[in-house]
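K.L.:
Pasting in a structure now, in structure tokens, and then I'll have a few things to ask.
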Amino acid sequence: MDIIVGQRGSGRTCKLIEACAARKGSVIVCPTHHMADYTYALAKKMGYEIEKPIAFDDFYQRKMQGKRVTGYFFDNLDQSLAIMAAGTSVCAATFELGTKSLNLTETIHEI
């Protein structure tokens, strides 16, 4: 799993769109429906054909279950977690990479 880090307006979503477009059948998950619509329009403007992004609540409710999704790309995951926490701060998160070791220079892409 790659982690893309950068300030607002730094190109994180564009990089995510490029990565998603390179993996046919993958879907971008955004914090809100509005952001999903914006991301889809941005992908079209950039010239990429991707599946229509979905909102985090649709992902959480498993609305893609039964569809052939090859992978998920989360945009602004911190915002999705904040929405799920209903206003309570999300202070930290951990990620398990299975048997793969985390090499920060290879998996975190700072923009």
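Identifiers in the structure tokens: chain A, B, ... in order shown; residue index from 1 per chain; ligand index from 1 in order shown.
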Would you mind listing what lies within 9 Å of range 70-79 of chain A as a VMD selection string, with only C-alpha atoms counted and same-chain residues fewer than 4 positions away left out?

P.N.:
chain A and resid 12 to 13 16 to 17 19 to 20 23 to 31 56 83 to 84 90

K.L.:
Give me, as JSON, numbers by chain, the residues of chain A that a backbone DSSP run labels helix (DSSP H, G or I).

P.N.:
{"A": [12, 13, 14, 15, 16, 17, 18, 19, 20, 21, 22, 33, 34, 35, 36, 37, 38, 39, 40, 41, 42, 43, 44, 45, 46, 56, 57, 58, 59, 60, 77, 78, 79, 80, 81, 82, 83, 84, 104, 105, 106, 107]}

K.L.:
Output as an MDAnalysis selection string all residues of range 9-109 of chain A that backbone DSSP marks as strand (DSSP E).

P.N.:
chainID A and resid 26:30 54:55 71:74 108:109

K.L.:
So that I have them on file, write out the residues from the current selection with N, CA and C atoms, as an mmCIF file, in the first residue's frame.

P.N.:
data_model
loop_
_atom_site.group_PDB
_atom_site.id
_atom_site.type_symbol
_atom_site.label_atom_id
_atom_site.label_comp_id
_atom_site.auth_asym_id
_atom_site.auth_seq_id
_atom_site.Cartn_x
_atom_site.Cartn_y
_atom_site.Cartn_z
ATOM 1 N N SER A 26 -10.394 -0.675 -10.521
ATOM 2 C CA SER A 26 -10.280 -0.133 -9.168
ATOM 3 C C SER A 26 -11.218 1.060 -8.996
ATOM 4 N N VAL A 27 -11.473 1.408 -7.745
ATOM 5 C CA VAL A 27 -12.431 2.465 -7.427
ATOM 6 C C VAL A 27 -11.832 3.402 -6.384
ATOM 7 N N ILE A 28 -12.042 4.708 -6.572
ATOM 8 C CA ILE A 28 -11.622 5.702 -5.592
ATOM 9 C C ILE A 28 -12.759 5.900 -4.597
ATOM 10 N N VAL A 29 -12.405 5.952 -3.311
ATOM 11 C CA VAL A 29 -13.364 6.199 -2.241
ATOM 12 C C VAL A 29 -13.053 7.573 -1.655
ATOM 13 N N CYS A 30 -14.052 8.461 -1.659
ATOM 14 C CA CYS A 30 -13.908 9.830 -1.159
ATOM 15 C C CYS A 30 -14.748 10.014 0.110
ATOM 16 N N ILE A 54 -16.802 6.557 -5.337
ATOM 17 C CA ILE A 54 -17.916 6.420 -4.402
ATOM 18 C C ILE A 54 -17.591 7.158 -3.103
ATOM 19 N N ALA A 55 -18.623 7.463 -2.343
ATOM 20 C CA ALA A 55 -18.445 8.095 -1.034
ATOM 21 C C ALA A 55 -18.113 7.022 -0.002
ATOM 22 N N GLY A 71 -9.427 -3.180 -6.607
ATOM 23 C CA GLY A 71 -8.736 -2.491 -5.525
ATOM 24 C C GLY A 71 -9.407 -1.165 -5.212
ATOM 25 N N TYR A 72 -9.147 -0.666 -4.032
ATOM 26 C CA TYR A 72 -9.700 0.623 -3.606
ATOM 27 C C TYR A 72 -8.574 1.623 -3.384
ATOM 28 N N PHE A 73 -8.820 2.862 -3.755
ATOM 29 C CA PHE A 73 -7.913 3.974 -3.538
ATOM 30 C C PHE A 73 -8.671 5.006 -2.702
ATOM 31 N N PHE A 74 -8.184 5.304 -1.520
ATOM 32 C CA PHE A 74 -8.873 6.222 -0.610
ATOM 33 C C PHE A 74 -8.300 7.623 -0.730
ATOM 34 N N ILE A 108 5.710 5.915 1.167
ATOM 35 C CA ILE A 108 5.132 7.230 1.430
ATOM 36 C C ILE A 108 5.646 8.189 0.376
ATOM 37 N N HIS A 109 4.717 8.744 -0.374
ATOM 38 C CA HIS A 109 5.058 9.686 -1.431
ATOM 39 C C HIS A 109 4.654 11.074 -0.987
#

K.L.:
Report as a PyMOL selection string all protein, DNA and RNA residues lying within 12 Å of Ala41 in chain A, evaluated on only C-alpha atoms, omitting residues in the same chain fewer than 5 positions from it.

P.N.:
chain A and resi 13-14+17+34-36+46-53
